[in-house]
$ cat start_19.cif   # mmCIF, C-alpha atoms
data_coords
#
loop_
_atom_site.label_atom_id
_atom_site.label_comp_id
_atom_site.auth_asym_id
_atom_site.auth_seq_id
_atom_site.Cartn_x
_atom_site.Cartn_y
_atom_site.Cartn_z
CA ASN P 1 0.00 0.00 0.00
CA ALA P 2 1.72 3.12 -1.20
CA GLY P 3 1.94 6.01 1.24
CA VAL P 4 0.93 9.59 0.70
CA MET P 5 2.49 10.89 -2.51
CA GLN P 6 3.41 14.48 -3.14
CA ASN P 7 4.82 16.08 -6.22
CA PRO P 8 6.89 17.78 -7.15
CA ARG P 9 9.33 17.21 -4.32
CA HIS P 10 11.10 20.46 -5.11
CA LEU P 11 9.64 23.46 -6.88
CA VAL P 12 11.35 26.70 -7.78
CA ARG P 13 9.25 29.68 -8.81
CA ARG P 14 10.03 33.33 -9.49
CA ARG P 15 8.10 35.99 -7.66
CA GLY P 16 4.70 36.50 -9.26
CA GLN P 17 4.42 33.02 -10.73
CA GLU P 18 1.96 30.35 -9.70
CA ALA P 19 2.82 27.24 -7.71
CA ARG P 20 0.72 24.09 -7.89
CA LEU P 21 1.41 21.37 -5.35
CA ARG P 22 -0.18 17.96 -5.68
CA CYS P 23 -1.04 15.36 -3.08
CA SER P 24 -2.32 11.85 -3.66
CA PRO P 25 -3.64 10.38 -0.42
CA MET P 26 -3.14 6.83 0.68
CA LYS P 27 -5.41 4.29 -0.97
CA GLY P 28 -8.77 4.29 0.74
CA HIS P 29 -8.26 7.71 2.34
CA SER P 30 -10.74 10.42 1.45
CA HIS P 31 -9.57 13.12 3.85
CA VAL P 32 -6.62 15.38 3.15
CA TYR P 33 -4.84 17.97 5.31
CA TRP P 34 -2.24 20.49 4.20
CA TYR P 35 0.43 21.88 6.52
CA ARG P 36 3.20 24.43 5.97
CA GLN P 37 6.62 24.27 7.59
CA LEU P 38 8.95 27.24 7.69
CA PRO P 39 12.67 26.60 8.27
CA GLU P 40 13.40 25.41 11.81
CA GLU P 41 9.75 25.55 12.78
CA GLY P 42 6.98 23.07 13.36
CA LEU P 43 4.21 22.37 10.90
CA LYS P 44 1.24 24.72 10.82
CA PHE P 45 -2.22 23.57 9.78
CA MET P 46 -3.56 25.18 6.63
CA VAL P 47 -6.62 23.39 5.33
CA TYR P 48 -8.67 20.20 5.66
CA LEU P 49 -10.55 18.80 2.69
CA GLN P 50 -12.77 15.87 1.90
CA LYS P 51 -13.65 14.87 -1.62
CA GLU P 52 -15.11 17.94 -3.34
CA ASN P 53 -15.46 19.82 -0.05
CA ILE P 54 -13.35 22.23 1.97
CA ILE P 55 -14.08 21.45 5.61
CA ASP P 56 -11.76 23.86 7.39
CA GLU P 57 -9.50 26.45 5.77
CA SER P 58 -8.88 28.48 8.89
CA GLY P 59 -5.12 28.17 8.60
CA MET P 60 -4.85 29.27 5.00
CA PRO P 61 -4.04 32.86 4.01
CA LYS P 62 -7.13 34.56 2.64
CA GLU P 63 -5.44 35.77 -0.51
CA ARG P 64 -3.48 33.94 -3.20
CA PHE P 65 -3.90 30.49 -1.62
CA SER P 66 -6.53 27.97 -2.61
CA ALA P 67 -7.00 24.22 -2.24
CA GLU P 68 -9.17 21.63 -3.85
CA PHE P 69 -9.73 17.89 -3.66
CA PRO P 70 -11.75 16.86 -6.70
CA LYS P 71 -13.77 13.70 -7.03
CA GLU P 72 -11.08 12.27 -9.26
CA GLY P 73 -7.39 13.00 -9.01
CA PRO P 74 -5.08 14.44 -6.40
CA SER P 75 -5.62 17.29 -4.01
CA ILE P 76 -4.09 20.53 -5.26
CA LEU P 77 -2.70 23.40 -3.20
CA ARG P 78 -2.40 26.43 -5.42
CA ILE P 79 -0.45 29.57 -4.62
CA GLN P 80 -0.90 32.47 -7.00
CA GLN P 81 1.59 35.32 -7.44
CA VAL P 82 4.12 33.76 -5.12
CA VAL P 83 6.30 35.91 -2.89
CA ARG P 84 9.56 35.07 -1.12
CA GLY P 85 7.70 34.53 2.14
CA ASP P 86 5.90 31.57 0.56
CA SER P 87 9.19 29.64 0.50
CA ALA P 88 8.60 26.69 2.80
CA ALA P 89 7.98 22.96 2.89
CA TYR P 90 4.36 22.03 2.29
CA PHE P 91 3.19 18.72 3.69
CA CYS P 92 0.06 16.81 2.95
CA ALA P 93 -1.45 14.22 5.26
CA SER P 94 -4.36 11.88 4.69
CA SER P 95 -6.72 9.84 6.81
CA PRO P 96 -9.51 7.35 6.16
CA ARG P 97 -12.13 9.44 7.94
CA THR P 98 -12.52 12.51 10.06
CA SER P 99 -9.82 11.35 12.31
CA VAL P 100 -8.28 11.78 15.59
CA SER P 101 -4.89 13.17 14.85
CA TYR P 102 -2.86 9.99 15.07
CA GLU P 103 -4.48 8.61 11.98
CA GLN P 104 -2.99 11.29 9.77
CA TYR P 105 -0.20 9.93 7.60
CA PHE P 106 2.19 12.47 6.15
CA GLY P 107 3.71 12.64 2.71
CA PRO P 108 7.35 13.57 2.02
CA GLY P 109 6.52 17.22 1.33
CA THR P 110 7.10 19.70 -1.46
CA ARG P 111 9.85 22.21 -0.90
CA LEU P 112 8.94 25.48 -2.56
CA THR P 113 11.63 28.05 -3.21
CA VAL P 114 10.65 31.48 -4.49
CA THR P 115 13.45 33.41 -6.10
CA GLY H 1 17.21 17.80 26.85
CA GLU H 2 15.93 21.24 26.00
CA SER H 3 12.40 22.59 25.86
CA VAL H 4 11.05 23.78 22.57
CA GLY H 5 11.27 27.53 22.38
CA LEU H 6 11.79 30.19 19.80
CA HIS H 7 14.87 28.47 18.32
CA LEU H 8 15.58 24.92 17.32
CA PRO H 9 17.11 23.24 20.37
CA THR H 10 19.75 20.64 19.80
CA LEU H 11 20.52 17.53 21.79
CA SER H 12 23.67 15.55 21.14
CA VAL H 13 24.10 12.09 22.69
CA GLN H 14 26.39 9.11 22.40
CA GLU H 15 25.13 5.95 20.82
CA GLY H 16 23.71 3.69 23.49
CA ASP H 17 22.85 6.51 25.89
CA ASN H 18 19.28 7.42 26.78
CA SER H 19 17.84 10.62 25.32
CA ILE H 20 15.25 12.92 26.84
CA ILE H 21 13.53 15.49 24.66
CA ASN H 22 11.27 18.03 26.29
CA CYS H 23 8.31 20.04 25.11
CA ALA H 24 6.24 22.76 26.77
CA TYR H 25 2.71 23.23 25.50
CA SER H 26 0.55 26.26 25.98
CA ASN H 27 -3.09 25.24 25.58
CA SER H 28 -4.51 23.89 28.83
CA ALA H 29 -7.49 22.57 26.86
CA SER H 30 -5.29 20.20 24.86
CA ASP H 31 -6.04 16.63 25.77
CA TYR H 32 -4.12 14.61 23.23
CA PHE H 33 -0.42 14.73 22.43
CA ILE H 34 1.77 13.13 19.80
CA TRP H 35 5.48 12.87 19.23
CA TYR H 36 6.70 12.87 15.63
CA LYS H 37 10.10 12.13 14.18
CA GLN H 38 11.16 13.99 11.06
CA GLU H 39 14.26 12.91 9.20
CA SER H 40 15.93 15.24 6.77
CA GLY H 41 13.91 15.62 3.58
CA LYS H 42 11.00 13.56 4.83
CA GLY H 43 7.58 14.09 6.33
CA PRO H 44 6.79 13.63 10.03
CA GLN H 45 6.49 10.07 11.20
CA PHE H 46 4.26 9.13 14.14
CA ILE H 47 6.19 7.77 17.14
CA ILE H 48 3.88 7.65 20.13
CA ASP H 49 0.85 9.41 21.55
CA ILE H 50 -0.71 10.00 24.94
CA ARG H 51 -4.06 11.22 26.16
CA SER H 52 -4.46 13.64 29.02
CA ASN H 53 -5.98 11.01 31.32
CA MET H 54 -2.58 9.32 31.41
CA ASP H 55 0.78 10.52 32.68
CA LYS H 56 2.97 7.88 31.09
CA ARG H 57 2.90 5.64 28.06
CA GLN H 58 5.54 3.25 26.79
CA GLY H 59 6.34 1.99 23.34
CA GLN H 60 9.25 0.15 21.86
CA ARG H 61 12.33 1.94 23.24
CA VAL H 62 10.30 5.12 23.74
CA THR H 63 8.38 6.51 26.69
CA VAL H 64 6.25 9.63 26.80
CA LEU H 65 5.62 11.44 30.07
CA LEU H 66 2.93 14.04 30.52
CA ASN H 67 2.78 16.57 33.35
CA LYS H 68 -0.44 18.52 32.98
CA THR H 69 0.23 20.66 36.03
CA VAL H 70 3.14 22.40 34.36
CA LYS H 71 2.03 21.65 30.78
CA HIS H 72 5.12 19.66 30.01
CA LEU H 73 5.70 16.66 27.80
CA SER H 74 8.83 14.58 27.38
CA LEU H 75 10.01 11.82 25.08
CA GLN H 76 12.54 9.35 26.38
CA ILE H 77 14.45 7.19 23.93
CA ALA H 78 16.30 4.25 25.40
CA ALA H 79 19.62 3.04 23.99
CA THR H 80 19.71 5.75 21.34
CA GLN H 81 20.93 4.62 17.93
CA PRO H 82 22.36 6.59 14.98
CA GLY H 83 19.09 5.98 13.14
CA ASP H 84 17.32 8.01 15.81
CA SER H 85 19.05 11.18 14.56
CA ALA H 86 16.25 13.48 13.43
CA VAL H 87 14.14 16.44 14.47
CA TYR H 88 11.51 15.51 17.03
CA PHE H 89 8.27 17.45 17.30
CA CYS H 90 5.58 17.35 19.91
CA ALA H 91 2.08 18.14 18.72
CA GLU H 92 -1.06 18.84 20.69
CA ASN H 93 -4.72 18.60 19.92
CA ASN H 94 -7.95 19.59 21.58
CA SER H 95 -10.39 16.81 20.76
CA GLY H 96 -13.23 18.88 22.12
CA GLY H 97 -12.58 21.30 19.32
CA SER H 98 -11.31 20.29 15.91
CA ASN H 99 -9.93 16.86 16.61
CA TYR H 100 -8.00 16.74 13.40
CA LYS H 101 -6.09 19.98 13.85
CA LEU H 102 -2.60 19.45 15.21
CA THR H 103 -0.57 22.25 16.76
CA PHE H 104 3.13 21.52 16.47
CA GLY H 105 5.99 22.71 18.62
CA LYS H 106 9.17 23.92 16.94
CA GLY H 107 11.16 20.74 17.31
CA THR H 108 14.40 19.46 18.82
CA LEU H 109 17.27 18.25 16.70
CA LEU H 110 18.69 15.00 18.07
CA THR H 111 22.17 14.04 16.94
CA VAL H 112 23.50 10.61 17.88
CA ASN H 113 27.27 10.25 17.83
CA PRO H 114 28.64 6.78 17.08
#
$ encode --input "start_19.cif" --output "structure tokens"
Amino acid sequence: NAGVMQNPRHLVRRRGQEARLRCSPMKGHSHVYWYRQLPEEGLKFMVYLQKENIIDESGMPKERFSAEFPKEGPSILRIQQVVRGDSAAYFCASSPRTSVSYEQYFGPGTRLTVT
Amino acid sequence: GESVGLHLPTLSVQEGDNSIINCAYSNSASDYFIWYKQESGKGPQFIIDIRSNMDKRQGQRVTVLLNKTVKHLSLQIAATQPGDSAVYFCAENNSGGSNYKLTFGKGTLLTVNP
């Protein structure tokens, strides 16, 4: 059973470009969570999605950031008009249901660098 | 060990020694705690968890201690091995609120010297 997959693993964007980060949850998991990690800091919750629904986006910046989890295909975290402060590691986790926290399995992350 | 603060604490131990990593949490309403291990270039990996109705829980080579009075959590690793070298995060959760939303500490870098 493959784990949570994220791609790309590394992404370099110039200021003003768009970044699209993809997350394929574990097989059988229909709940996805995105976290952001700044250098030498812990992960910070961004958004929680179920298939075709955003459940909680309280941790996501109101502008430029959006997330989706379509019926088919991976979950996408989209950052428009990136700025240097968006440089971070973005982790996706998945769970089989609205879970207690220990059932979240993390992917390897996408490291975004904005130049 | 060092408590998680505004910088990334570092703990250096000799192979075979026991390690103690500390974490202070701030939300008195948190009732569930997890320790994660994060190796370089990888995502966090679950190690062990504890609920607030317990003060100690043991796993394989690891023990978590919880002191709710002072809001302190520790992870003890017995007979530390080079493969234990990683950043260790504590995370807290309030299951009475959003039981999926983890709040992470800033981590402690553990280095095991052979």
$ resolve_selection --input "start_19.cif" --expression "the PyMOL selection byres ((chain P) within 12 of (chain H))" --output "PyMOL selection string"
chain P and resi 3-6+9-10+31-49+55-59+89-111
$ atom_distance --input "start_19.cif" --atom1 "atom CA of H:Leu110" --atom2 "atom CA of H:Leu11"
4.9 Å
$ closest_residue --input "start_19.cif" --among "H:Met54, H:Ile20, H:Val112, H:Val13" --to "H:Leu75" --atoms "all atoms listed in the file"
H:Ile20
$ resolve_selection --input "start_19.cif" --expression "the PyMOL selection byres ((chain H and resi 60) around 12)" --output "PyMOL selection string"
chain H and resi 47-48+57-59+61-64+76-80
$ closest_residue --input "start_19.cif" --among "H:Asp31, H:Ser26, H:Gln14, H:Ile21" --to "H:Val70" --atoms "only C-alpha atoms"
H:Ser26
$ atom_distance --input "start_19.cif" --atom1 "atom CA of P:Leu112" --atom2 "atom CA of P:Val12"
5.9 Å
